[in-house]
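**Q** Here it is: the structure, laid out below.
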Amino acid sequence: MAKRRGVRGGAVLAGVVAAALAMGGCSALPADDDQRPKVFTTFTVLADIAQNVAGDRLNVESLTKPGAEIHGYEPTPADIRRAAKADLIVNNGLGLENWFAQFVDHVDAPHVEVSDGVEPIDIAADAYAGKPNPHAWMSPGNAVIYVDNLVAAFSDLDPDGAEQYRAHGDAYADRLRGLHDELVTALEGLPPEQRALVTCEGAFSYLARDTGLTERYIWPVNAEQQATPQQVAATIDFVGDNRVPAVFCESTVSDKAMQQVVSATGAQFGGVLYVDSLSEAGGPVPTYLDLIRHDIATIVGGLTGSGGRP
Ligand SMILES: [Zn+2]
């Protein structure tokens with residue numbers, strides 16, 4: 001289950017690592033009395049899924065905070081000091097974490113890529129065409145594969161807990177299958193003319209496949225430069241031509257470009273969708289199950305005009 005990647009570039013991260021090591025003796029991190037094995041995930045969605053498998057046997061934390069932009073994240077010296085204490089690192093793979101190959105090369109702990117075994121959907125557009133769409137967790141069926149990979153990785157890490165991880169994983173996978181059914185049932189009721197899901201990032205390919213929606217987006221993958229005038233114009237044409245009633249944008253990016261689409265077409269802004277990050281504990285989507293349910297309600301509410309949840 002543990003995989004290593006070669007170094008790609010590395011000059012920027014090498015500087016970060018040097019800074020981290022230089023500061024190693026004066027870490028500002030609080031003393032940690034927790035003796036359980038430490039598992040760090042690259043982002044909050046994976047931390048929640050991993051926590052459901054780990055139960056209380058492992059100390060699971062996300063390296064990045066709720067709301068972080070995950071694709072172009074730049075690890076800090078503090079991240080590297082934290083990861084140096086890890087017994088296992090969990091990442092998504094499929095090209096989600098651009099920074100990860102360099103990062104993990106500087107950390108001794110093994111890592112598990114939880115999308116291993118997922119059937120990827122390739123990105124159709126722009127510079128990313130032909131690369132796998134990384135947002136596989138947006139299909140609860142794929143999340144079951146993530147769970148299987150976590151059960152195996154945690155059992156390698158802590159063999160005494162193997163039975164518990166299997167039991168937790170089985171119970172959680174049952175909830176994920178139920179979630180898949182909820183998703184399909186909620187969206188199959190949409191009339192044919194309201195089955196286009198228009199978002200900022202092309203993060204919904206797996207969800208659209210599960211539910212038979214037509215996916216359209218302004219840009220394929222979050223990056224520094226996004227929403228070119230051509231991308232916005234193409235989205236305006238699609239929304240206008242297909243009389244799409246509502247459009248959406250995700251919590252980790254600006255909705256400015258989508259508001260241009262709203263102004264130009266008269267479509268409603270249907271609300272904020274969550275993909276690349278959970279919310280804080282007190283927010284609308286503190287767990288992965290909440291994330292999918294929130295997005296279902298927002299999409300159905302927006303497309304049927306019955307009011308999405310903000
Ligand atoms: Zn994304």
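Convention: chains lettered A, B, ... in structure tokens order; per-chain residue numbering from 1; ligands numbered from 1 as shown.
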Please, which residues in chain A fall within 8 Å of ligand 1 when counting only C-alpha atoms and all ligand atoms, and what is the closest atom pair and distance in Å to one decimal for each, ordered by chain then residue number, as JSON lines?
**A**
{"residue": "A:Glu69", "atom": "CA", "partner": "ligand 1", "partner_atom_place_in_ligand_line": "1 (Zn)", "distance": 7.9}
{"residue": "A:Ile70", "atom": "CA", "partner": "ligand 1", "partner_atom_place_in_ligand_line": "1 (Zn)", "distance": 7.1}
{"residue": "A:His71", "atom": "CA", "partner": "ligand 1", "partner_atom_place_in_ligand_line": "1 (Zn)", "distance": 6.4}
{"residue": "A:Leu96", "atom": "CA", "partner": "ligand 1", "partner_atom_place_in_ligand_line": "1 (Zn)", "distance": 7.3}
{"residue": "A:Pro134", "atom": "CA", "partner": "ligand 1", "partner_atom_place_in_ligand_line": "1 (Zn)", "distance": 7.4}
{"residue": "A:His135", "atom": "CA", "partner": "ligand 1", "partner_atom_place_in_ligand_line": "1 (Zn)", "distance": 6.3}
{"residue": "A:Glu201", "atom": "CA", "partner": "ligand 1", "partner_atom_place_in_ligand_line": "1 (Zn)", "distance": 6.6}
{"residue": "A:Gly202", "atom": "CA", "partner": "ligand 1", "partner_atom_place_in_ligand_line": "1 (Zn)", "distance": 7.5}
{"residue": "A:Ala203", "atom": "CA", "partner": "ligand 1", "partner_atom_place_in_ligand_line": "1 (Zn)", "distance": 5.6}
{"residue": "A:Val221", "atom": "CA", "partner": "ligand 1", "partner_atom_place_in_ligand_line": "1 (Zn)", "distance": 6.0}
{"residue": "A:Asn222", "atom": "CA", "partner": "ligand 1", "partner_atom_place_in_ligand_line": "1 (Zn)", "distance": 5.8}
{"residue": "A:Val275", "atom": "CA", "partner": "ligand 1", "partner_atom_place_in_ligand_line": "1 (Zn)", "distance": 6.5}
{"residue": "A:Asp276", "atom": "CA", "partner": "ligand 1", "partner_atom_place_in_ligand_line": "1 (Zn)", "distance": 5.1}
**Q** Run DSSP on the backbone and tell me which residues of range 41-156 of chain A come out as helix (DSSP H, G or I); list them as a ChimeraX atom specification.
**A** /A:44-54,77-83,100-105,126-128,136-138,140-156
**Q** Please, what distance in Å, to one decimal, runs between CA of Gly282 in chain A and CA of Asp79 in chain A?
**A** 24.2 Å
**Q** Would you please give, as an MDAnalysis selection string, all residues of range 123-298 of chain A that DSSP assigns to strand (DSSP E) based on the backbone?
**A** chainID A and resid 196:201 214:219 246:250 268:273
**Q** Measuring atom to atom with only C-alpha atoms, identify which of A:Leu63, A:Leu273, A:Ala208, A:Ala86 is nearest to Gln35 in chain A.
**A** A:Ala86
**Q** Have a look at A:Val90, A:Leu213, A:Leu289, A:Val272 and name the one nearest to Ala173 in chain A; count only C-alpha atoms.
**A** A:Leu289
**Q** Identify, on the basis of only C-alpha atoms, every residue whose closest approach to range 123-133 of chain A does not exceed 10 Å; exclude the query and any residue fewer than 5 positions from it along the same chain; express the result as a list in words.
**A** Gly93, Leu94, Gly95, Leu96, Gly202, Ala203, Phe204, Ser205, Tyr206, Tyr217, Trp219, Pro220, Val221 and Gln231 of chain A
**Q** Would you save the residues of that selection, restricted to C-alpha atoms, as a PDB file, in the first residue's frame?
**A**
ATOM      1  CA  GLY A  93      -4.012  10.967  -6.198  1.00  0.00           C
ATOM      2  CA  LEU A  94      -5.349  11.272  -9.776  1.00  0.00           C
ATOM      3  CA  GLY A  95      -3.364  14.525  -9.966  1.00  0.00           C
ATOM      4  CA  LEU A  96      -5.394  16.325  -7.296  1.00  0.00           C
ATOM      5  CA  GLY A 202     -15.327  20.745 -13.618  1.00  0.00           C
ATOM      6  CA  ALA A 203     -15.506  18.848 -10.358  1.00  0.00           C
ATOM      7  CA  PHE A 204     -18.761  16.971 -10.926  1.00  0.00           C
ATOM      8  CA  SER A 205     -17.938  14.472 -13.660  1.00  0.00           C
ATOM      9  CA  TYR A 206     -18.336  11.475 -11.329  1.00  0.00           C
ATOM     10  CA  TYR A 217     -18.168  24.137 -16.261  1.00  0.00           C
ATOM     11  CA  TRP A 219     -12.826  25.893 -16.162  1.00  0.00           C
ATOM     12  CA  PRO A 220     -11.752  22.231 -15.878  1.00  0.00           C
ATOM     13  CA  VAL A 221      -9.500  22.301 -12.793  1.00  0.00           C
ATOM     14  CA  GLN A 231     -14.492  30.089 -21.103  1.00  0.00           C
TER      15      GLN A 231
END
**Q** Extract, using only C-alpha atoms, all DNA, RNA and protein residues at most 12 Å from Val60 in chain A, discarding same-chain residues fewer than 2 positions from it, and format them as a compact mmCIF listing (two decimals) with C-alpha atoms, in the first residue's frame.
**A**
# COMPACT_ATOMS: atom_id res chain seq x y z
CA ASP A 34 -1.42 11.33 22.13
CA ARG A 36 -1.83 6.69 18.93
CA PRO A 37 -0.33 6.34 15.43
CA LYS A 38 -0.61 9.62 13.52
CA VAL A 39 -2.32 9.73 10.15
CA PHE A 40 -2.23 12.93 8.09
CA THR A 41 -4.48 13.37 5.09
CA THR A 42 -3.92 16.00 2.42
CA PHE A 43 -7.37 17.57 2.82
CA THR A 44 -10.41 17.64 5.05
CA VAL A 45 -12.70 15.35 3.01
CA LEU A 46 -10.17 12.52 3.27
CA ALA A 47 -9.69 13.17 7.00
CA ASP A 48 -13.40 12.61 7.62
CA ILE A 49 -13.55 9.42 5.54
CA ALA A 50 -10.36 8.16 7.23
CA GLN A 51 -11.73 9.01 10.68
CA ASN A 52 -14.77 6.86 10.00
CA VAL A 53 -12.50 3.90 9.27
CA ALA A 54 -10.02 4.61 12.07
CA GLY A 55 -12.52 5.10 14.87
CA ASP A 56 -10.55 6.07 17.96
CA ARG A 57 -7.53 3.84 17.29
CA LEU A 58 -5.65 6.40 15.20
CA SER A 62 -5.90 16.96 7.74
CA LEU A 63 -2.72 18.79 6.75
CA ALA A 83 4.20 15.54 8.58
CA ALA A 86 3.29 11.05 10.69
CA ASP A 87 3.10 7.26 10.71
CA LEU A 88 1.04 7.29 7.53
CA ILE A 89 0.09 9.95 4.98
CA VAL A 90 -3.12 9.68 2.97
CA LEU A 150 -7.86 2.84 4.03
CA PHE A 154 -4.56 1.04 8.53
**Q** Tell me which protein, DNA and RNA residues are within 12 Å of Arg177 in chain A, counting only C-alpha atoms, leaving out same-chain ones fewer than 3 positions away, and put them as a list of chain:residue names.
**A**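 So the residues in contact are A:Ser139, A:Pro140, A:Gly141, A:Asn142, A:Ala143, A:Val144, A:Ile145, A:Val147, A:Asp170, A:Ala171, A:Tyr172, A:Ala173, A:Asp174, A:His180, A:Asp181, A:Glu182, A:Leu183, A:Val184, A:Leu289.
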**Q** Keeping only N, CA and C atoms, write the selected residues to a file as a PDB file, in the first residue's frame.
**A**
ATOM      1  N   SER A 139     -18.366  10.730  -6.199  1.00  0.00           N
ATOM      2  CA  SER A 139     -19.232   9.566  -6.360  1.00  0.00           C
ATOM      3  C   SER A 139     -19.114   8.719  -5.096  1.00  0.00           C
ATOM      4  N   PRO A 140     -20.211   8.550  -4.325  1.00  0.00           N
ATOM      5  CA  PRO A 140     -20.113   7.729  -3.106  1.00  0.00           C
ATOM      6  C   PRO A 140     -19.625   6.315  -3.394  1.00  0.00           C
ATOM      7  N   GLY A 141     -19.897   5.795  -4.601  1.00  0.00           N
ATOM      8  CA  GLY A 141     -19.382   4.464  -4.954  1.00  0.00           C
ATOM      9  C   GLY A 141     -17.856   4.445  -4.971  1.00  0.00           C
ATOM     10  N   ASN A 142     -17.264   5.516  -5.461  1.00  0.00           N
ATOM     11  CA  ASN A 142     -15.801   5.617  -5.403  1.00  0.00           C
ATOM     12  C   ASN A 142     -15.310   5.745  -3.969  1.00  0.00           C
ATOM     13  N   ALA A 143     -16.080   6.433  -3.139  1.00  0.00           N
ATOM     14  CA  ALA A 143     -15.670   6.575  -1.732  1.00  0.00           C
ATOM     15  C   ALA A 143     -15.585   5.205  -1.054  1.00  0.00           C
ATOM     16  N   VAL A 144     -16.386   4.245  -1.512  1.00  0.00           N
ATOM     17  CA  VAL A 144     -16.289   2.874  -0.988  1.00  0.00           C
ATOM     18  C   VAL A 144     -14.900   2.293  -1.315  1.00  0.00           C
ATOM     19  N   ILE A 145     -14.386   2.597  -2.507  1.00  0.00           N
ATOM     20  CA  ILE A 145     -13.029   2.147  -2.865  1.00  0.00           C
ATOM     21  C   ILE A 145     -11.995   2.826  -1.954  1.00  0.00           C
ATOM     22  N   VAL A 147     -12.480   3.699   1.053  1.00  0.00           N
ATOM     23  CA  VAL A 147     -12.592   3.025   2.351  1.00  0.00           C
ATOM     24  C   VAL A 147     -11.809   1.708   2.335  1.00  0.00           C
ATOM     25  N   ASP A 170     -16.787  -1.523   6.830  1.00  0.00           N
ATOM     26  CA  ASP A 170     -18.020  -2.135   6.304  1.00  0.00           C
ATOM     27  C   ASP A 170     -19.241  -1.290   6.675  1.00  0.00           C
ATOM     28  N   ALA A 171     -19.270  -0.838   7.928  1.00  0.00           N
ATOM     29  CA  ALA A 171     -20.427  -0.046   8.379  1.00  0.00           C
ATOM     30  C   ALA A 171     -20.503   1.275   7.610  1.00  0.00           C
ATOM     31  N   TYR A 172     -19.364   1.904   7.430  1.00  0.00           N
ATOM     32  CA  TYR A 172     -19.344   3.194   6.731  1.00  0.00           C
ATOM     33  C   TYR A 172     -19.670   3.001   5.247  1.00  0.00           C
ATOM     34  N   ALA A 173     -19.155   1.908   4.653  1.00  0.00           N
ATOM     35  CA  ALA A 173     -19.453   1.635   3.241  1.00  0.00           C
ATOM     36  C   ALA A 173     -20.964   1.442   3.045  1.00  0.00           C
ATOM     37  N   ASP A 174     -21.645   0.829   4.015  1.00  0.00           N
ATOM     38  CA  ASP A 174     -23.105   0.701   3.919  1.00  0.00           C
ATOM     39  C   ASP A 174     -23.771   2.077   3.862  1.00  0.00           C
ATOM     40  N   HIS A 180     -25.399   6.926  -2.059  1.00  0.00           N
ATOM     41  CA  HIS A 180     -25.498   6.822  -3.522  1.00  0.00           C
ATOM     42  C   HIS A 180     -26.974   6.728  -3.935  1.00  0.00           C
ATOM     43  N   ASP A 181     -27.730   5.879  -3.239  1.00  0.00           N
ATOM     44  CA  ASP A 181     -29.151   5.722  -3.577  1.00  0.00           C
ATOM     45  C   ASP A 181     -29.916   7.032  -3.380  1.00  0.00           C
ATOM     46  N   GLU A 182     -29.598   7.748  -2.295  1.00  0.00           N
ATOM     47  CA  GLU A 182     -30.243   9.044  -2.040  1.00  0.00           C
ATOM     48  C   GLU A 182     -29.972  10.010  -3.177  1.00  0.00           C
ATOM     49  N   LEU A 183     -28.709  10.023  -3.608  1.00  0.00           N
ATOM     50  CA  LEU A 183     -28.262  10.941  -4.667  1.00  0.00           C
ATOM     51  C   LEU A 183     -29.025  10.657  -5.964  1.00  0.00           C
ATOM     52  N   VAL A 184     -29.059   9.389  -6.330  1.00  0.00           N
ATOM     53  CA  VAL A 184     -29.694   9.018  -7.596  1.00  0.00           C
ATOM     54  C   VAL A 184     -31.192   9.298  -7.535  1.00  0.00           C
ATOM     55  N   LEU A 289     -20.535  12.978   4.318  1.00  0.00           N
ATOM     56  CA  LEU A 289     -21.949  12.680   4.062  1.00  0.00           C
ATOM     57  C   LEU A 289     -22.750  13.983   3.961  1.00  0.00           C
TER      58      LEU A 289
END
**Q** With distances taken over only C-alpha atoms, which residue among A:Pro286, A:Ala223, A:Ala136, A:Arg82 lies nearest Pro120 in chain A?
**A**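 The answer is A:Ala136, which sits nearest to Pro120 in chain A.
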**Q** Report, in Å with one decimal, the straight-line distance from CA of Arg293 in chain A to CA of Gly212 in chain A.
**A**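 Pair CA of Arg293 in chain A / CA of Gly212 in chain A returns 17.2 Å.
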**Q** Please measure the separation of CA of Thr185 in chain A and CA of Ile299 in chain A, giving the value in Å to one decimal.
**A**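 Going from CA of Thr185 in chain A over to CA of Ile299 in chain A covers 13.0 Å.
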**Q** Applying 9 Å and only C-alpha atoms, which residues near Ala257 in chain A remain after dropping the ones on its own chain fewer than 4 positions away? List them as a list in words.
**A**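 Surrounding residues, per the criterion: Cys200, Ile218, Ala227, Thr228, Val232, Val261 and Val262 of chain A.
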**Q** Can you tell me which residues surround Arg243 in chain A at a distance of at most 8 Å, considering only C-alpha atoms, apart from same-chain residues fewer than 3 positions away, and format the answer as a list in words?
**A** Val239, Gly240 and Ala267 of chain A
**Q** Write the residues you've just listed into a file as a compact mmCIF listing (two decimals), in the first residue's frame, and include C-alpha atoms for each of them.
**A**
# COMPACT_ATOMS: atom_id res chain seq x y z
CA VAL A 239 -26.71 28.44 -20.42
CA GLY A 240 -28.59 30.65 -22.87
CA ALA A 267 -30.14 32.27 -14.86
**Q** Find the residue from A:Pro284, A:Gly271, A:Gly266, A:Pro66 that sits nearest to Glu250 in chain A; use only C-alpha atoms when measuring.
**A**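 Ranking A:Pro284, A:Gly271, A:Gly266, A:Pro66 by distance to Glu250 in chain A, first place goes to A:Gly271.
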